[in-house]
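Next up, my_file_32.pdb (PDB, C-alpha atoms, pLDDT in the B column):
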```pdb
MODEL        1
ATOM      1  CA  MET A 125      24.480  24.407  44.052  1.00 49.00           C
ATOM      2  CA  ALA A 126      24.896  26.204  40.738  1.00 49.00           C
ATOM      3  CA  THR A 127      28.497  26.868  39.809  1.00 53.00           C
ATOM      4  CA  GLY A 128      27.941  28.337  36.355  1.00 53.00           C
ATOM      5  CA  LEU A 129      28.420  24.977  34.612  1.00 54.00           C
ATOM      6  CA  GLN A 130      25.651  22.861  33.209  1.00 53.00           C
ATOM      7  CA  SER A 131      25.088  19.521  34.823  1.00 54.00           C
ATOM      8  CA  ILE A 132      26.901  16.489  33.444  1.00 57.00           C
ATOM      9  CA  SER A 133      23.628  14.740  32.635  1.00 57.00           C
ATOM     10  CA  ASP A 134      22.751  17.427  30.062  1.00 54.00           C
ATOM     11  CA  GLU A 135      23.720  15.837  26.725  1.00 57.00           C
ATOM     12  CA  SER A 136      23.679  19.035  24.655  1.00 54.00           C
ATOM     13  CA  TRP A 137      26.296  20.946  26.617  1.00 59.00           C
ATOM     14  CA  GLY A 138      29.201  20.812  24.149  1.00 63.00           C
ATOM     15  CA  LEU A 139      27.886  21.021  20.608  1.00 63.00           C
ATOM     16  CA  ASP A 140      25.309  23.319  19.133  1.00 66.00           C
ATOM     17  CA  ASN A 141      24.500  24.075  15.512  1.00 73.00           C
ATOM     18  CA  VAL A 142      27.261  21.926  13.951  1.00 77.00           C
ATOM     19  CA  THR A 143      27.401  21.861  10.163  1.00 82.00           C
ATOM     20  CA  ILE A 144      29.443  19.363   8.150  1.00 83.00           C
ATOM     21  CA  SER A 145      29.909  19.989   4.457  1.00 85.00           C
ATOM     22  CA  THR A 146      31.278  17.488   1.960  1.00 83.00           C
ATOM     23  CA  THR A 147      32.669  17.855  -1.529  1.00 79.00           C
ATOM     24  CA  LEU A 148      32.374  15.156  -4.147  1.00 76.00           C
ATOM     25  CA  VAL A 149      35.671  14.179  -5.783  1.00 66.00           C
ATOM     26  CA  SER A 150      35.618  12.639  -9.216  1.00 74.00           C
ATOM     27  CA  GLU A 151      36.717   9.030  -9.464  1.00 81.00           C
ATOM     28  CA  PRO A 152      39.879   9.595 -11.569  1.00 84.00           C
ATOM     29  CA  SER A 153      41.166  12.075  -8.995  1.00 83.00           C
ATOM     30  CA  ILE A 154      40.685   9.565  -6.191  1.00 85.00           C
ATOM     31  CA  ILE A 155      42.572   6.897  -8.127  1.00 90.00           C
ATOM     32  CA  ILE A 156      45.466   9.297  -8.817  1.00 92.00           C
ATOM     33  CA  LEU A 157      45.663  10.344  -5.154  1.00 92.00           C
ATOM     34  CA  PHE A 158      45.554   6.728  -3.997  1.00 94.00           C
ATOM     35  CA  GLY A 159      48.281   5.759  -6.476  1.00 95.00           C
ATOM     36  CA  ALA A 160      50.470   8.678  -5.390  1.00 96.00           C
ATOM     37  CA  GLY A 161      50.078   7.575  -1.777  1.00 95.00           C
ATOM     38  CA  LEU A 162      51.079   4.008  -2.619  1.00 96.00           C
ATOM     39  CA  VAL A 163      54.144   5.233  -4.519  1.00 96.00           C
ATOM     40  CA  GLY A 164      55.095   7.416  -1.552  1.00 95.00           C
ATOM     41  CA  PHE A 165      54.797   4.510   0.879  1.00 95.00           C
ATOM     42  CA  ALA A 166      56.844   2.278  -1.442  1.00 94.00           C
ATOM     43  CA  LEU A 167      59.615   4.879  -1.735  1.00 94.00           C
ATOM     44  CA  ALA A 168      59.689   5.441   2.019  1.00 92.00           C
ATOM     45  CA  ARG A 169      59.899   1.712   2.665  1.00 89.00           C
ATOM     46  CA  ARG A 170      62.598   1.245   0.048  1.00 84.00           C
ATOM     47  CA  ARG A 171      64.645   4.068   1.543  1.00 82.00           C
ATOM     48  CA  ARG A 172      64.252   2.611   5.054  1.00 78.00           C
ATOM     49  CA  ILE A 173      65.386  -0.879   3.966  1.00 76.00           C
ATOM     50  CA  LYS A 174      68.627   0.382   2.344  1.00 65.00           C
TER      51      LYS A 174
ENDMDL
END
```

Write the structure described by the file as structure tokens, please.
Amino acid sequence: MATGLQSISDESWGLDNVTISTTLVSEPSIIILFGAGLVGFALARRRRIK
């Protein structure tokens, strides 16, 4: 009863040889990005309220 598909019970059917790479970001950069995001949310909220 082979249809060309692997059986559902085979747990390795979808992913093979996956690599995830990360890059360290310095702490001041994270703080600046977080602050910019907060300012953006505040401006969007202020604009929506008016």

For atom CA of A:Ser153 and atom CA of A:Phe165, the interatomic separation in Å (one decimal): 18.5 Å

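Note that atom CA of A:Phe158 and atom CA of A:Arg172 are 21.2 Å apart.
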
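Counting from atom CA of A:Gly164, the distance to atom CA of A:Thr146 is 26.1 Å.
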